[in-house]
>>> print(open('coords32.csv').read())   # CSV, C-alpha atoms and all ligand atoms
chain,number,residue,atom,x,y,z
A,1,MET,CA,-38.0,1.6,43.8
A,2,GLU,CA,-37.7,-1.9,45.1
A,3,LYS,CA,-38.2,-4.8,42.7
A,4,THR,CA,-41.0,-7.2,43.4
A,5,GLU,CA,-40.7,-10.9,42.9
A,6,LYS,CA,-42.9,-10.5,39.8
A,7,ASP,CA,-40.5,-8.0,38.3
A,8,VAL,CA,-37.6,-10.3,38.9
A,9,ASN,CA,-39.4,-13.2,37.3
A,10,GLU,CA,-40.3,-11.0,34.3
A,11,LEU,CA,-36.6,-10.0,34.0
A,12,VAL,CA,-35.5,-13.7,34.2
A,13,GLU,CA,-38.0,-14.5,31.4
A,14,LYS,CA,-36.7,-11.7,29.3
A,15,LEU,CA,-33.1,-12.9,29.9
A,16,LYS,CA,-34.1,-16.4,28.9
A,17,SER,CA,-35.7,-15.1,25.7
A,18,PHE,CA,-32.6,-13.0,24.8
A,19,GLN,CA,-30.4,-16.0,25.5
A,20,GLN,CA,-32.6,-18.2,23.2
A,21,GLN,CA,-32.5,-15.5,20.5
A,22,SER,CA,-28.7,-15.2,20.7
A,23,VAL,CA,-28.4,-19.0,20.4
A,24,THR,CA,-30.6,-18.8,17.3
A,25,TYR,CA,-28.5,-16.0,15.8
A,26,ALA,CA,-25.2,-17.8,16.5
A,27,GLU,CA,-26.6,-20.9,14.7
A,28,GLU,CA,-27.7,-18.8,11.8
A,29,LEU,CA,-24.3,-17.1,11.6
A,30,LYS,CA,-22.6,-20.5,11.7
A,31,MET,CA,-24.8,-21.7,8.9
A,32,ALA,CA,-24.1,-18.5,6.8
A,33,HIS,CA,-20.4,-18.9,7.5
A,34,ARG,CA,-20.5,-22.5,6.3
A,35,CYS,CA,-22.3,-21.5,3.1
A,36,GLU,CA,-19.7,-18.7,2.5
A,37,GLU,CA,-16.9,-21.3,3.0
A,38,GLU,CA,-18.6,-23.6,0.5
A,39,ARG,CA,-19.0,-20.8,-2.0
A,40,TYR,CA,-15.4,-19.7,-1.5
A,41,LYS,CA,-14.2,-23.3,-2.1
A,42,LYS,CA,-16.3,-23.5,-5.3
A,43,LEU,CA,-14.9,-20.2,-6.4
A,44,GLU,CA,-11.4,-21.4,-5.8
A,45,GLU,CA,-12.1,-24.6,-7.8
A,46,THR,CA,-13.5,-22.6,-10.7
A,47,HIS,CA,-10.5,-20.3,-10.6
A,48,ASP,CA,-8.1,-23.3,-10.7
A,49,ALA,CA,-10.0,-24.8,-13.6
A,50,LEU,CA,-9.9,-21.6,-15.5
A,51,GLN,CA,-6.2,-21.2,-14.8
A,52,GLN,CA,-5.6,-24.7,-16.2
A,53,ILE,CA,-7.7,-24.0,-19.3
A,54,TYR,CA,-5.8,-20.7,-19.8
A,55,THR,CA,-2.4,-22.3,-19.5
A,56,GLU,CA,-3.4,-25.1,-21.8
A,57,THR,CA,-4.8,-22.6,-24.4
A,58,ILE,CA,-1.6,-20.5,-24.3
A,59,ARG,CA,0.5,-23.6,-24.8
A,60,VAL,CA,-1.6,-24.8,-27.8
A,61,MET,CA,-1.6,-21.3,-29.3
A,62,ALA,CA,2.2,-21.3,-29.1
A,63,ASP,CA,2.6,-24.8,-30.5
A,64,VAL,CA,0.3,-23.8,-33.5
A,65,MET,CA,2.3,-20.7,-34.0
A,66,ASP,CA,5.7,-22.4,-33.9
A,67,SER,CA,4.7,-25.3,-36.1
A,68,ARG,CA,3.9,-23.0,-39.0
A,69,SER,CA,7.6,-23.1,-39.9
A,70,ARG,CA,10.4,-25.5,-39.3
A,71,TYR,CA,12.6,-22.5,-38.4
A,72,THR,CA,10.6,-21.6,-35.4
A,73,ARG,CA,9.8,-25.1,-34.0
A,74,GLY,CA,10.4,-25.0,-30.2
A,75,HIS,CA,11.4,-21.3,-30.3
A,76,SER,CA,8.7,-20.0,-27.9
A,77,GLU,CA,9.4,-22.6,-25.3
A,78,ARG,CA,13.2,-22.0,-25.4
A,79,VAL,CA,12.6,-18.2,-25.2
A,80,ARG,CA,10.2,-18.8,-22.2
A,81,ARG,CA,12.8,-20.8,-20.4
A,82,TYR,CA,15.6,-18.2,-20.9
A,83,CYS,CA,13.2,-15.5,-19.7
A,84,GLU,CA,12.3,-17.5,-16.6
A,85,LEU,CA,16.0,-18.0,-15.7
A,86,MET,CA,16.8,-14.3,-16.3
A,87,GLY,CA,13.7,-13.2,-14.4
A,88,GLN,CA,14.9,-15.3,-11.4
A,89,ARG,CA,18.4,-13.9,-11.7
A,90,LEU,CA,17.0,-10.3,-11.7
A,91,TYR,CA,14.6,-11.0,-8.8
A,92,ILE,CA,11.5,-9.8,-10.7
A,93,SER,CA,8.3,-10.1,-8.7
A,94,ASP,CA,6.1,-13.2,-8.9
A,95,GLU,CA,3.4,-11.2,-10.8
A,96,GLU,CA,6.0,-10.0,-13.4
A,97,MET,CA,7.4,-13.5,-13.7
A,98,LYS,CA,3.9,-14.8,-14.5
A,99,MET,CA,3.4,-12.1,-17.1
A,100,LEU,CA,6.9,-12.7,-18.6
A,101,ASN,CA,6.2,-16.4,-18.9
A,102,THR,CA,3.0,-15.9,-20.9
A,103,ALA,CA,4.5,-13.0,-23.0
A,104,ALA,CA,7.5,-15.1,-23.8
A,105,THR,CA,5.3,-18.0,-24.9
A,106,LEU,CA,3.1,-15.8,-27.1
A,107,HIS,CA,5.6,-13.1,-28.1
A,108,ASP,CA,5.4,-13.9,-31.8
A,109,ILE,CA,1.7,-14.5,-32.0
A,110,GLY,CA,1.4,-11.5,-34.3
A,111,ARG,CA,3.4,-13.5,-36.9
A,112,MET,CA,0.1,-15.1,-37.9
A,113,ASP,CA,-0.9,-11.7,-39.3
A,114,VAL,CA,2.0,-11.7,-41.7
A,115,GLU,CA,2.3,-14.0,-44.7
A,116,GLN,CA,4.3,-17.1,-43.9
A,117,THR,CA,6.2,-16.9,-47.2
A,118,ILE,CA,7.8,-13.6,-46.0
A,119,TRP,CA,9.1,-15.3,-42.8
A,120,ASP,CA,10.5,-18.2,-44.7
A,121,LYS,CA,11.9,-16.1,-47.6
A,122,PRO,CA,15.6,-16.9,-48.1
A,123,GLY,CA,17.7,-13.8,-48.6
A,124,LYS,CA,17.1,-10.2,-48.1
A,125,LEU,CA,13.6,-8.8,-47.6
A,126,THR,CA,12.3,-5.8,-49.6
A,127,ASP,CA,11.4,-2.7,-47.6
A,128,THR,CA,7.7,-3.6,-47.9
A,129,GLU,CA,8.3,-7.1,-46.6
A,130,PHE,CA,10.4,-5.8,-43.8
A,131,GLU,CA,7.6,-3.4,-42.8
A,132,ALA,CA,5.2,-6.4,-42.8
A,133,VAL,CA,7.6,-8.3,-40.5
A,134,LYS,CA,7.9,-5.3,-38.1
A,135,SER,CA,4.1,-5.1,-37.9
A,136,HIS,CA,4.0,-8.4,-36.0
A,137,ALA,CA,4.7,-6.7,-32.7
A,138,VAL,CA,1.7,-4.4,-32.9
A,139,ALA,CA,-0.4,-7.2,-34.4
A,140,GLY,CA,0.4,-9.4,-31.4
A,141,GLU,CA,-0.6,-6.7,-29.0
A,142,LYS,CA,-3.9,-6.1,-30.9
A,143,MET,CA,-4.8,-9.8,-30.8
A,144,LEU,CA,-4.3,-10.0,-27.0
A,145,SER,CA,-5.3,-6.7,-25.6
A,146,PRO,CA,-9.1,-7.1,-25.9
A,147,ILE,CA,-8.8,-10.0,-23.4
A,148,PRO,CA,-8.8,-8.3,-20.0
A,149,PHE,CA,-6.3,-10.6,-18.2
A,150,LEU,CA,-3.9,-10.4,-21.2
A,151,ASN,CA,-3.8,-6.7,-21.3
A,152,LYS,CA,-0.4,-6.2,-19.6
A,153,ILE,CA,1.1,-9.2,-21.5
A,154,ALA,CA,0.0,-7.5,-24.8
A,155,GLU,CA,2.0,-4.5,-23.8
A,156,ILE,CA,5.2,-6.5,-23.2
A,157,ILE,CA,4.7,-8.2,-26.6
A,158,ARG,CA,4.3,-4.7,-28.3
A,159,HIS,CA,7.7,-3.7,-27.0
A,160,HIS,CA,9.8,-6.9,-27.5
A,161,HIS,CA,11.6,-5.4,-30.5
A,162,GLU,CA,12.4,-2.0,-28.9
A,163,LYS,CA,16.1,-1.3,-28.5
A,164,TYR,CA,17.8,0.0,-25.4
A,165,ASP,CA,19.1,3.0,-27.4
A,166,GLY,CA,15.7,3.9,-28.8
A,167,THR,CA,16.3,2.6,-32.4
A,168,GLY,CA,13.9,-0.3,-32.2
A,169,TYR,CA,10.2,-0.6,-33.1
A,170,PRO,CA,7.3,0.1,-32.9
A,171,ASP,CA,7.6,3.1,-30.6
A,172,CYS,CA,11.4,3.8,-30.6
A,173,ILE,CA,11.3,4.1,-26.8
A,174,SER,CA,14.6,3.6,-24.9
A,175,GLY,CA,16.2,2.6,-21.6
A,176,GLU,CA,13.9,2.1,-18.7
A,177,ASN,CA,11.0,3.4,-20.7
A,178,ILE,CA,10.9,-0.1,-22.1
A,179,PRO,CA,9.3,-2.5,-19.6
A,180,LEU,CA,12.0,-4.6,-17.9
A,181,THR,CA,10.0,-7.8,-19.0
A,182,ALA,CA,10.2,-6.6,-22.6
A,183,ARG,CA,14.0,-6.0,-22.3
A,184,ILE,CA,14.5,-9.5,-20.9
A,185,LEU,CA,12.3,-11.0,-23.7
A,186,ALA,CA,14.4,-9.1,-26.3
A,187,VAL,CA,17.6,-10.8,-25.2
A,188,ALA,CA,16.1,-14.2,-25.0
A,189,ASP,CA,14.4,-13.9,-28.4
A,190,SER,CA,17.6,-12.7,-30.1
A,191,PHE,CA,19.8,-15.3,-28.6
A,192,ASP,CA,17.4,-18.1,-29.7
A,193,ALA,CA,17.1,-16.6,-33.1
A,194,MET,CA,20.9,-16.4,-33.5
A,195,THR,CA,21.5,-20.0,-32.4
A,196,SER,CA,18.7,-21.4,-34.6
A,197,GLU,CA,18.7,-21.9,-38.3
A,198,ARG,CA,16.8,-19.3,-40.2
A,199,SER,CA,15.7,-19.1,-43.9
A,200,TYR,CA,18.1,-16.3,-44.5
A,201,ARG,CA,21.2,-17.6,-42.6
A,202,GLU,CA,22.8,-20.5,-40.8
A,203,ARG,CA,22.7,-20.9,-37.1
A,204,ILE,CA,25.6,-19.6,-35.1
A,205,ASP,CA,27.2,-21.3,-32.2
A,206,PRO,CA,26.2,-20.2,-28.6
A,207,ASP,CA,29.6,-18.8,-27.7
A,208,THR,CA,29.7,-16.6,-30.8
A,209,ALA,CA,26.1,-15.5,-30.1
A,210,ILE,CA,27.0,-14.6,-26.5
A,211,GLU,CA,29.9,-12.5,-27.8
A,212,GLU,CA,27.5,-10.8,-30.2
A,213,LEU,CA,25.0,-10.1,-27.5
A,214,LYS,CA,27.8,-8.6,-25.3
A,215,SER,CA,28.9,-6.4,-28.2
A,216,LEU,CA,25.4,-5.0,-28.4
A,217,SER,CA,25.1,-4.4,-24.6
A,218,GLY,CA,24.1,-0.7,-24.1
A,219,THR,CA,23.0,-0.2,-27.7
A,220,GLN,CA,20.5,-2.9,-28.6
A,221,PHE,CA,20.2,-4.5,-25.2
A,222,ASP,CA,20.0,-3.4,-21.5
A,223,PRO,CA,23.5,-4.1,-20.0
A,224,MET,CA,21.9,-5.4,-16.8
A,225,VAL,CA,19.9,-8.0,-18.7
A,226,ILE,CA,22.9,-9.1,-20.8
A,227,GLU,CA,24.9,-9.6,-17.6
A,228,ALA,CA,22.0,-11.8,-16.3
A,229,PHE,CA,21.9,-13.8,-19.5
A,230,VAL,CA,25.6,-14.4,-19.5
A,231,SER,CA,25.5,-15.6,-15.9
A,232,ILE,CA,22.5,-18.0,-16.4
A,233,TRP,CA,24.0,-19.3,-19.6
A,234,LYS,CA,27.3,-20.2,-17.8
A,235,LYS,CA,25.3,-21.9,-15.1
A,236,MET,CA,23.2,-23.9,-17.6
A,237,TYR,CA,26.1,-25.3,-19.6
A,238,VAL,CA,29.3,-25.1,-17.5
B,301,FE,FE,9.3,-11.0,-32.6
>>> encode(input="coords32.csv", output="structure tokens", more="lines below")
Ligand SMILES: [Fe+2]
Amino acid sequence: MEKTEKDVNELVEKLKSFQQQSVTYAEELKMAHRCEEERYKKLEETHDALQQIYTETIRVMADVMDSRSRYTRGHSERVRRYCELMGQRLYISDEEMKMLNTAATLHDIGRMDVEQTIWDKPGKLTDTEFEAVKSHAVAGEKMLSPIPFLNKIAEIIRHHHEKYDGTGYPDCISGENIPLTARILAVADSFDAMTSERSYRERIDPDTAIEELKSLSGTQFDPMVIEAFVSIWKKMYV
């Protein structure tokens, strides 16, 4: 059926109306997009602020922890630094590196649950005191695991005294059943403990400590991690 001029005019009017509607929709969309962008920007700003508070809180917690005894002053930060260098050497992922950094900073937070006099006791510990000392790994995990974003970090802390041959604590797990981050932390922690003065013994020099670490490769420590530590140590001081 042929279209009359009236029909054509009607169609043109409809078209004009659709066009107007689409312009309105486009403007509304643009506005919604702008609002979304602003919301996203605000979210990013909040996230950054939270991240900063989080980092600052962790640092303060570590400082409080270390300053409880002259034997541990600066320990967490040195352990964190060794861990960071080993992590880079072993090409761990960015996410693992972030977790390792925080775990290293807070690895001994469970010490707060154990009487300070036991940590500072000169000489040999009784069996009961030694059990109390050992409990710090699980205590640290318990302190951090209720906080959702510290969940995985709590797990690393739980295992930082496991030994590669399965004779460590608290779970006596061995080899690759121990998270790699915890195996790295174990080496860094032991090296710093050996080369620092403790209530029960004198500090030993770094070269002797390295030899001791090497002699425990495959039993107490993961050989791959020991290799990484020896390599970063050489680079740091040669
Ligand atoms: Fe520890």
>>> closest_residue(input="coords32.csv", among="A:Asp165, A:Glu129, A:Asp108, A:Glu202", to="ligand FE 301 (chain B)", atoms="only C-alpha atoms and all ligand atoms")
A:Asp108
>>> residues_around(input="coords32.csv", residues="Asp171 (chain A)", least_positions_apart="4", cutoff="9 Å", atoms="all atoms listed in the file", output="short mmCIF file (atom, residue, chain, number, x, y, z; two decimals) with C-alpha atoms, in the frame of the given file")
data_model
loop_
_atom_site.label_atom_id
_atom_site.label_comp_id
_atom_site.auth_asym_id
_atom_site.auth_seq_id
_atom_site.Cartn_x
_atom_site.Cartn_y
_atom_site.Cartn_z
CA ARG A 158 4.30 -4.70 -28.30
CA HIS A 159 7.70 -3.70 -27.00
CA GLU A 162 12.40 -2.00 -28.90
CA GLY A 166 15.70 3.90 -28.80
CA THR A 167 16.30 2.60 -32.40
#
>>> closest_residue(input="coords32.csv", among="A:Ala228, A:Ala182, A:Ile147, A:His136", to="ligand FE 301 (chain B)", atoms="all atoms listed in the file")
A:His136
>>> closest_atom_pairs(input="coords32.csv", of="chain A", to="ligand FE 301 (chain B)", cutoff="9 Å", atoms="all atoms listed in the file", output="CSV")
residue,atom,partner,partner_atom,distance
A:His107,CA,B:FE301,FE,6.2
A:Asp108,CA,B:FE301,FE,4.9
A:Ile109,CA,B:FE301,FE,8.4
A:Gly110,CA,B:FE301,FE,8.1
A:Arg111,CA,B:FE301,FE,7.7
A:Val133,CA,B:FE301,FE,8.5
A:Lys134,CA,B:FE301,FE,8.0
A:His136,CA,B:FE301,FE,6.8
A:Ala137,CA,B:FE301,FE,6.3
A:Ile157,CA,B:FE301,FE,8.1
A:His160,CA,B:FE301,FE,6.6
A:His161,CA,B:FE301,FE,6.4
A:Ala186,CA,B:FE301,FE,8.3
A:Asp189,CA,B:FE301,FE,7.2
A:Ser190,CA,B:FE301,FE,8.8
>>> write_last_selection(input="coords32.csv", atoms="C-alpha atoms", output="mmCIF file, in the frame of the given file")
data_model
loop_
_atom_site.group_PDB
_atom_site.id
_atom_site.type_symbol
_atom_site.label_atom_id
_atom_site.label_comp_id
_atom_site.auth_asym_id
_atom_site.auth_seq_id
_atom_site.Cartn_x
_atom_site.Cartn_y
_atom_site.Cartn_z
ATOM 1 C CA HIS A 107 5.600 -13.100 -28.100
ATOM 2 C CA ASP A 108 5.400 -13.900 -31.800
ATOM 3 C CA ILE A 109 1.700 -14.500 -32.000
ATOM 4 C CA GLY A 110 1.400 -11.500 -34.300
ATOM 5 C CA ARG A 111 3.400 -13.500 -36.900
ATOM 6 C CA VAL A 133 7.600 -8.300 -40.500
ATOM 7 C CA LYS A 134 7.900 -5.300 -38.100
ATOM 8 C CA HIS A 136 4.000 -8.400 -36.000
ATOM 9 C CA ALA A 137 4.700 -6.700 -32.700
ATOM 10 C CA ILE A 157 4.700 -8.200 -26.600
ATOM 11 C CA HIS A 160 9.800 -6.900 -27.500
ATOM 12 C CA HIS A 161 11.600 -5.400 -30.500
ATOM 13 C CA ALA A 186 14.400 -9.100 -26.300
ATOM 14 C CA ASP A 189 14.400 -13.900 -28.400
ATOM 15 C CA SER A 190 17.600 -12.700 -30.100
#
>>> residues_near_point(input="coords32.csv", point="(26.8, -14.5, -21.7)", cutoff="8 Å", atoms="all atoms listed in the file", output="CSV table (one decimal) with C-alpha atoms, in the coordinates of the input")
chain,number,residue,atom,x,y,z
A,207,ASP,CA,29.6,-18.8,-27.7
A,210,ILE,CA,27.0,-14.6,-26.5
A,211,GLU,CA,29.9,-12.5,-27.8
A,213,LEU,CA,25.0,-10.1,-27.5
A,214,LYS,CA,27.8,-8.6,-25.3
A,226,ILE,CA,22.9,-9.1,-20.8
A,227,GLU,CA,24.9,-9.6,-17.6
A,228,ALA,CA,22.0,-11.8,-16.3
A,229,PHE,CA,21.9,-13.8,-19.5
A,230,VAL,CA,25.6,-14.4,-19.5
A,231,SER,CA,25.5,-15.6,-15.9
A,232,ILE,CA,22.5,-18.0,-16.4
A,233,TRP,CA,24.0,-19.3,-19.6
A,234,LYS,CA,27.3,-20.2,-17.8
>>> residues_around(input="coords32.csv", residues="region 78-83 of chain A", least_positions_apart="3", cutoff="10 Å", atoms="only C-alpha atoms", output="ChimeraX atom specification")
/A:73-75,86-89,97,100-107,181-193,229,232-233
>>> write_last_selection(input="coords32.csv", atoms="C-alpha atoms", output="mmCIF file, keeping the file's coordinate frame")
data_model
loop_
_atom_site.group_PDB
_atom_site.id
_atom_site.type_symbol
_atom_site.label_atom_id
_atom_site.label_comp_id
_atom_site.auth_asym_id
_atom_site.auth_seq_id
_atom_site.Cartn_x
_atom_site.Cartn_y
_atom_site.Cartn_z
ATOM 1 C CA ARG A 73 9.800 -25.100 -34.000
ATOM 2 C CA GLY A 74 10.400 -25.000 -30.200
ATOM 3 C CA HIS A 75 11.400 -21.300 -30.300
ATOM 4 C CA MET A 86 16.800 -14.300 -16.300
ATOM 5 C CA GLY A 87 13.700 -13.200 -14.400
ATOM 6 C CA GLN A 88 14.900 -15.300 -11.400
ATOM 7 C CA ARG A 89 18.400 -13.900 -11.700
ATOM 8 C CA MET A 97 7.400 -13.500 -13.700
ATOM 9 C CA LEU A 100 6.900 -12.700 -18.600
ATOM 10 C CA ASN A 101 6.200 -16.400 -18.900
ATOM 11 C CA THR A 102 3.000 -15.900 -20.900
ATOM 12 C CA ALA A 103 4.500 -13.000 -23.000
ATOM 13 C CA ALA A 104 7.500 -15.100 -23.800
ATOM 14 C CA THR A 105 5.300 -18.000 -24.900
ATOM 15 C CA LEU A 106 3.100 -15.800 -27.100
ATOM 16 C CA HIS A 107 5.600 -13.100 -28.100
ATOM 17 C CA THR A 181 10.000 -7.800 -19.000
ATOM 18 C CA ALA A 182 10.200 -6.600 -22.600
ATOM 19 C CA ARG A 183 14.000 -6.000 -22.300
ATOM 20 C CA ILE A 184 14.500 -9.500 -20.900
ATOM 21 C CA LEU A 185 12.300 -11.000 -23.700
ATOM 22 C CA ALA A 186 14.400 -9.100 -26.300
ATOM 23 C CA VAL A 187 17.600 -10.800 -25.200
ATOM 24 C CA ALA A 188 16.100 -14.200 -25.000
ATOM 25 C CA ASP A 189 14.400 -13.900 -28.400
ATOM 26 C CA SER A 190 17.600 -12.700 -30.100
ATOM 27 C CA PHE A 191 19.800 -15.300 -28.600
ATOM 28 C CA ASP A 192 17.400 -18.100 -29.700
ATOM 29 C CA ALA A 193 17.100 -16.600 -33.100
ATOM 30 C CA PHE A 229 21.900 -13.800 -19.500
ATOM 31 C CA ILE A 232 22.500 -18.000 -16.400
ATOM 32 C CA TRP A 233 24.000 -19.300 -19.600
#
>>> closest_residue(input="coords32.csv", among="A:Gln220, A:Arg203, A:Thr195, A:Ser145", to="Ile178 (chain A)", atoms="all atoms listed in the file")
A:Gln220
>>> closest_residue(input="coords32.csv", among="A:Gln21, A:Ile58, A:Leu144, A:Phe130", to="Tyr169 (chain A)", atoms="only C-alpha atoms")
A:Phe130
>>> atom_distance(input="coords32.csv", atom1="CA of Thr72 (chain A)", atom2="CA of Ser199 (chain A)")
10.2 Å
>>> atom_distance(input="coords32.csv", atom1="CA of Thr117 (chain A)", atom2="CA of Ser69 (chain A)")
9.7 Å
>>> atom_distance(input="coords32.csv", atom1="CA of Ala209 (chain A)", atom2="CA of Lys235 (chain A)")
16.3 Å
>>> closest_residue(input="coords32.csv", among="A:Leu150, A:Met194, A:Met112, A:Ile53", to="Ala132 (chain A)", atoms="only C-alpha atoms")
A:Met112
>>> closest_residue(input="coords32.csv", among="A:Asp48, A:Glu77, A:Asp222, A:Glu96", to="Met61 (chain A)", atoms="all atoms listed in the file")
A:Glu77
